[in-house]
Amino acid sequence: MLSHEHVGFWGKIRLGQNGQTDQWLSLSQHSLDVASVFAALAELPAFHHKLKVSSGIELDGIQLQRLAVIALLHDVGKANLGFQDKVFDAKAPRAGHVRELAPLFDAPELCEAFATALDLDEIADWFDPPDSIEQFLLAAWSHHGAPVRFQTGDQTGNYYLARTRWWRADATRDPMQAVAELMRIAKQAFPDAFKRGVARIPGRARLQHRFAGLVMLADWLGSHQAFFPLGRLLDIGFARNAARRALLTVGLDTASLQSDLAQRPTTFKHWFGFEPRPLQSAVDRQAPDDAESRLLIAEAETGSGKTEAALARFFRLFAAGEVDGLYFALPTRVAARELYLRVVNYLEQIFPKPECRPAAVLAVPRYARIDDVPIDKLDRLLPDDRILCHDDPDRLRQERQWAAEHPKRFLAATVAVGTVDQALLSAVQTRHAHLRSVCLDRSLLVVDEVHASDVYMRRLLTGLLSHHVGLGGHAMLLSATLGAWACAEFLQACGCTTLAAENYAGACAAPYPALTLLSGIRRSVGFARGGSVKRVRFDPRSWLKQPERLISELVSALEAGARVLIVLNTVGRANALQRALEQHPAIQKVWLFRCQDSICPHHGRFAPSDRELLDQAVSRRWGKGTPPGPLVLIGTQTLEQSLDIDADWLITDLCPADVLLQRVGRLHRHDCTRPPGFEAPRCTVLMPDCASLAEWLDARGEASREAKRAGFGSVYADLRTLELTRLMLLEQTEVEIPRDNRRLVEGATHPERLATLSGPAWGKHGQNVEGLTLAHNIAAFHVAAQYDRPFGELSFNELNEKARTRLGLDTLRIPLRQPSPGPFGAEIAEITIPGHLAPKERDDETAELIRRGADGMILRYGERHYRYSRFGLEPFDESID
């Protein structure tokens, strides 16, 4: 068995099947690999520009080399003997290489020895002020994802061992000599960094955070065996060449792709095959280098071509070198998958040569694809877990969870389509936020289906846009239903000082469709010539508690050949109606939506493998060009946004007007022949049987339990928006889309309209909602990544349960102890449990299959039981089954 005498100070080690050392890489070589990648990243135009903006000066080559030297020191903590010995002695303490640096800051003799080995006086003089060198070192040492901070008096963990033994020489090794060796290599690799008389690097906090993110990205790439294999001797030239090859391979260096696109025809019609509509033309006319167009807000009806407008904007910016990538953020996984296929098709048309085409990533956890090929069908590029050398079991588990979702790769892609939470995670206090943030720096950020009624998500998005656009980035918001106050909030966060939130009358009179620039200028873009005007008849029914009363009409519609889409607010309501239809003798089974020949609803509570099958089934049966014929599909919010599906008749629970317009977007979406009786769009809205929704509030102004079961006060917290929507639908049952879009949204969400609801119950509820809004704003502020605070003063408070719930991060993905066939034939290897259904105790590593029957699988996780069937995951109580 090899020992440290043979290996020396190592940076990466691979263990063989017998647990013994197989191959290794010296600490100096690994550190040089990472520094070489950092130097290559810093030279890329997009990253270089963000370093310039965050520092306030144009960083020259020498200053960038100096930052590369600090990046080279990212793993200097591995020189401690505890870390070096742990792979050679199974009984040795589990030493890390980050927290173990703490004694170097408060043990005088160690502090002096460390400063001498680093030539600290010299490298401190590179920064302004010189003592900010400590902050940049902490930024480099934060490469595992969370800011490192050493607080006085914190002597927990391995502190005593590190201070008394691990940083002191033994009979054969001296950790400080290993540190000095790193500096010797730095002088060889980056000689210009050590020249005299060079301008200092500003110690700005924003620069520290950009630097930290780039070091994380460099460490990720510099650890890839595909680019930096183990078993090499020190070779500066190899490290530099491998770094450049890595950036090209993963799509971070896009210069050749941009040049190729710029040299070919760059008209909208050439890209998409048709003349642009008014909105598309208005977006495409914006100059790539126009500062006012760094934030564009496109408001137009569903089906107006906002997607192509956003892609045209990306192609224009990409060809001009203004951005190196695209992240297209959608509200749901289904919407992301649907749009991803369209993006892949456009990329194939616009970049006909596969070798000169940007890679397209589906950035959806558990569904990730590259160029429409599932990740699990490709050889993994990431290194084996055995060589990552994590510091502790908790971090290993966290890393394994993140690695399964590939969050690092998502935002580093040249073109990625995913969910909005992946972008928001770059702006909140969670591990690897810096990495996500610098990757997003280089991209046009497009956020689709932005609307007014979700205060918390709007606040998080505001923070993200403020940071992204504030660093000179480009962003575009797409919406059919954005209220005036939300629009003003986004613009003001990005630096607009000329646009204030309009009063109700002014908001309703604002042009629609419209394109709003960062300056606050809102331009009417007009309607498409010959474009569709959809006159929708709303059919309010006071049958919220009894949706099955629609069955007789539903039978008639299906007999006439209609496709009926039913969107309900909660999974419980969707499953209950699904069961009622199946049990009704007049409903033919052939009319019911199926996945793999099993009748089922569509919602978010299915296992990942089944959810993929469900999404594909929806697209095949309801997408554009699919065959007509009687069919009914019941689902939840998973069906309301960004899906190119078409229904003859829409039935929906009452929801806020902006959400309702999203759902109506699936009604008569395509130009096709309609069955008799459904020539005109009709939307039946299920409402409570009451004179006012105030009756659904208790004495404290809170939604009743019955209301929450319908999604009132739970899915949609503000019952005032629901009440105003209800009143508008009762007053005017026919609306014209898109002409009435603005009026409907403002009528349900504008503060002046909310204030029209009077009475004690509404007053108390309004106070509760305003308190909740304030709490959401405060919560969003406290979970936001604080990129204006320097390292050493900053630590991350991992997201609390409410924040994780809003971002969808509280959903548990639990492996089954033994994988088992699911209701659609696919093997179920894990289940997803939403946070509100999770057990209190979550220590179990797997879920257990208790029994299987015709009604599905009965599972146990923790103290709770669940049924998993063609209805998805449901709570299960054996005592009442």
# chains A, B, ... in the order shown; residues from 1 in each chain; ligands from 1
call {"tool": "residues_around", "arguments": {"residues": "range 326-338 of chain A", "least_positions_apart": "2", "cutoff": "6 Å", "atoms": "only C-alpha atoms", "output": "NGL selection string"}}
result
:A and (340-341 or 415-420 or 443-448 or 642-643)
call {"tool": "write_last_selection", "arguments": {"atoms": "C-alpha atoms", "output": "PDB file, in the first residue's frame"}}
result
ATOM      1  CA  TYR A 340     -36.905  23.021 -24.912  1.00  0.00           C
ATOM      2  CA  LEU A 341     -37.918  20.971 -27.942  1.00  0.00           C
ATOM      3  CA  VAL A 415     -28.140  27.506 -24.216  1.00  0.00           C
ATOM      4  CA  ALA A 416     -30.289  26.195 -21.379  1.00  0.00           C
ATOM      5  CA  VAL A 417     -34.026  25.949 -20.897  1.00  0.00           C
ATOM      6  CA  GLY A 418     -35.166  25.249 -17.367  1.00  0.00           C
ATOM      7  CA  THR A 419     -37.260  26.339 -14.444  1.00  0.00           C
ATOM      8  CA  VAL A 420     -37.076  29.805 -12.931  1.00  0.00           C
ATOM      9  CA  SER A 443     -26.190  34.912 -20.463  1.00  0.00           C
ATOM     10  CA  LEU A 444     -29.305  36.635 -21.635  1.00  0.00           C
ATOM     11  CA  LEU A 445     -31.787  35.809 -18.880  1.00  0.00           C
ATOM     12  CA  VAL A 446     -35.308  35.310 -20.241  1.00  0.00           C
ATOM     13  CA  VAL A 447     -38.099  34.792 -17.709  1.00  0.00           C
ATOM     14  CA  ASP A 448     -41.377  33.615 -19.200  1.00  0.00           C
ATOM     15  CA  SER A 642     -46.300  27.893 -21.506  1.00  0.00           C
ATOM     16  CA  LEU A 643     -47.825  24.705 -22.921  1.00  0.00           C
TER      17      LEU A 643
END
call {"tool": "residues_around", "arguments": {"residues": "range 685-687 of chain A", "least_positions_apart": "4", "cutoff": "8 Å", "atoms": "only C-alpha atoms", "output": "list in words"}}
result
Phe538, Asp539, Pro540, Arg541, Ser542, Trp543, Leu544, Pro547, Ile651, Thr652, Asp653, Leu654 and Arg726 of chain A
call {"tool": "write_last_selection", "arguments": {"atoms": "C-alpha atoms", "output": "mmCIF file, in the first residue's frame"}}
result
data_model
loop_
_atom_site.group_PDB
_atom_site.id
_atom_site.type_symbol
_atom_site.label_atom_id
_atom_site.label_comp_id
_atom_site.auth_asym_id
_atom_site.auth_seq_id
_atom_site.Cartn_x
_atom_site.Cartn_y
_atom_site.Cartn_z
ATOM 1 C CA PHE A 538 -67.039 33.092 -19.280
ATOM 2 C CA ASP A 539 -69.630 30.844 -17.756
ATOM 3 C CA PRO A 540 -69.598 31.301 -13.954
ATOM 4 C CA ARG A 541 -71.085 28.399 -11.971
ATOM 5 C CA SER A 542 -71.533 28.295 -8.203
ATOM 6 C CA TRP A 543 -70.477 24.667 -8.151
ATOM 7 C CA LEU A 544 -67.059 24.864 -6.563
ATOM 8 C CA PRO A 547 -67.814 20.073 -9.747
ATOM 9 C CA ILE A 651 -63.308 24.282 -17.059
ATOM 10 C CA THR A 652 -61.387 25.899 -14.229
ATOM 11 C CA ASP A 653 -61.555 26.704 -10.554
ATOM 12 C CA LEU A 654 -61.774 30.374 -9.691
ATOM 13 C CA ARG A 726 -65.263 36.813 -9.390
#
call {"tool": "residues_around", "arguments": {"residues": "Ser304 in chain A", "least_positions_apart": "2", "cutoff": "12 Å", "atoms": "only C-alpha atoms", "output": "PyMOL selection string"}}
result
chain A and resi 276-281+298-302+306-310+478-480+512-514+525-533+665+669-670+737-738
call {"tool": "residues_around", "arguments": {"residues": "Gln151 in chain A", "least_positions_apart": "3", "cutoff": "12 Å", "atoms": "only C-alpha atoms", "output": "list of chain:residue names"}}
result
A:Arg99, A:Leu101, A:Ala102, A:Pro103, A:Phe105, A:Asp106, A:Val148, A:Asp154, A:Gln155, A:Thr156, A:Phe791, A:Gly792, A:Glu793, A:Leu794, A:Ser795
call {"tool": "select_by_dssp", "arguments": {"residues": "range 51-267 of chain A", "states": "strand (DSSP E or B)", "output": "NGL selection string"}}
result
:A and (127-128 or 201-202)
call {"tool": "residues_around", "arguments": {"residues": "Glu355 in chain A", "least_positions_apart": "5", "cutoff": "12 Å", "atoms": "only C-alpha atoms", "output": "list in words"}}
result
Leu248, Thr249, Gly251, Ser256, Leu257, Asp260 and Glu348 of chain A
call {"tool": "atom_distance", "arguments": {"atom1": "CA of Ala647 in chain A", "atom2": "CA of Val564 in chain A"}}
result
5.7 Å
call {"tool": "closest_residue", "arguments": {"among": "A:Val664, A:Val53, A:Ala507, A:Leu464", "to": "Gly303 in chain A", "atoms": "only C-alpha atoms"}}
result
A:Val664
call {"tool": "atom_distance", "arguments": {"atom1": "CA of Pro45 in chain A", "atom2": "CA of Gly145 in chain A"}}
result
24.3 Å
call {"tool": "closest_residue", "arguments": {"among": "A:Arg431, A:Arg522, A:Lys624, A:Arg663", "to": "Glu292 in chain A", "atoms": "only C-alpha atoms"}}
result
A:Arg522
call {"tool": "residues_around", "arguments": {"residues": "Gly470 in chain A", "least_positions_apart": "4", "cutoff": "10 Å", "atoms": "only C-alpha atoms", "output": "list in words"}}
result
Lys50, Val53, Ser54, Arg294, Leu464, Leu465, Ser466, His474, Ala493, Cys494 and Gly495 of chain A
call {"tool": "residues_around", "arguments": {"residues": "Ala113 in chain A", "least_positions_apart": "6", "cutoff": "12 Å", "atoms": "only C-alpha atoms", "output": "PyMOL selection string"}}
result
chain A and resi 103-105+107+119-120+167-169+174-180
call {"tool": "atom_distance", "arguments": {"atom1": "CA of Gly747 in chain A", "atom2": "CA of Ala657 in chain A"}}
result
8.2 Å
call {"tool": "closest_residue", "arguments": {"among": "A:Ala243, A:Leu440, A:Ala146, A:Leu435", "to": "Gly472 in chain A", "atoms": "only C-alpha atoms"}}
result
A:Leu440
call {"tool": "closest_residue", "arguments": {"among": "A:Asp33, A:Asp75, A:Asp125, A:Asp698", "to": "Leu230 in chain A", "atoms": "only C-alpha atoms"}}
result
A:Asp33
call {"tool": "closest_residue", "arguments": {"among": "A:Ile201, A:Leu234, A:Cys111, A:Ile858", "to": "Leu25 in chain A", "atoms": "only C-alpha atoms"}}
result
A:Leu234
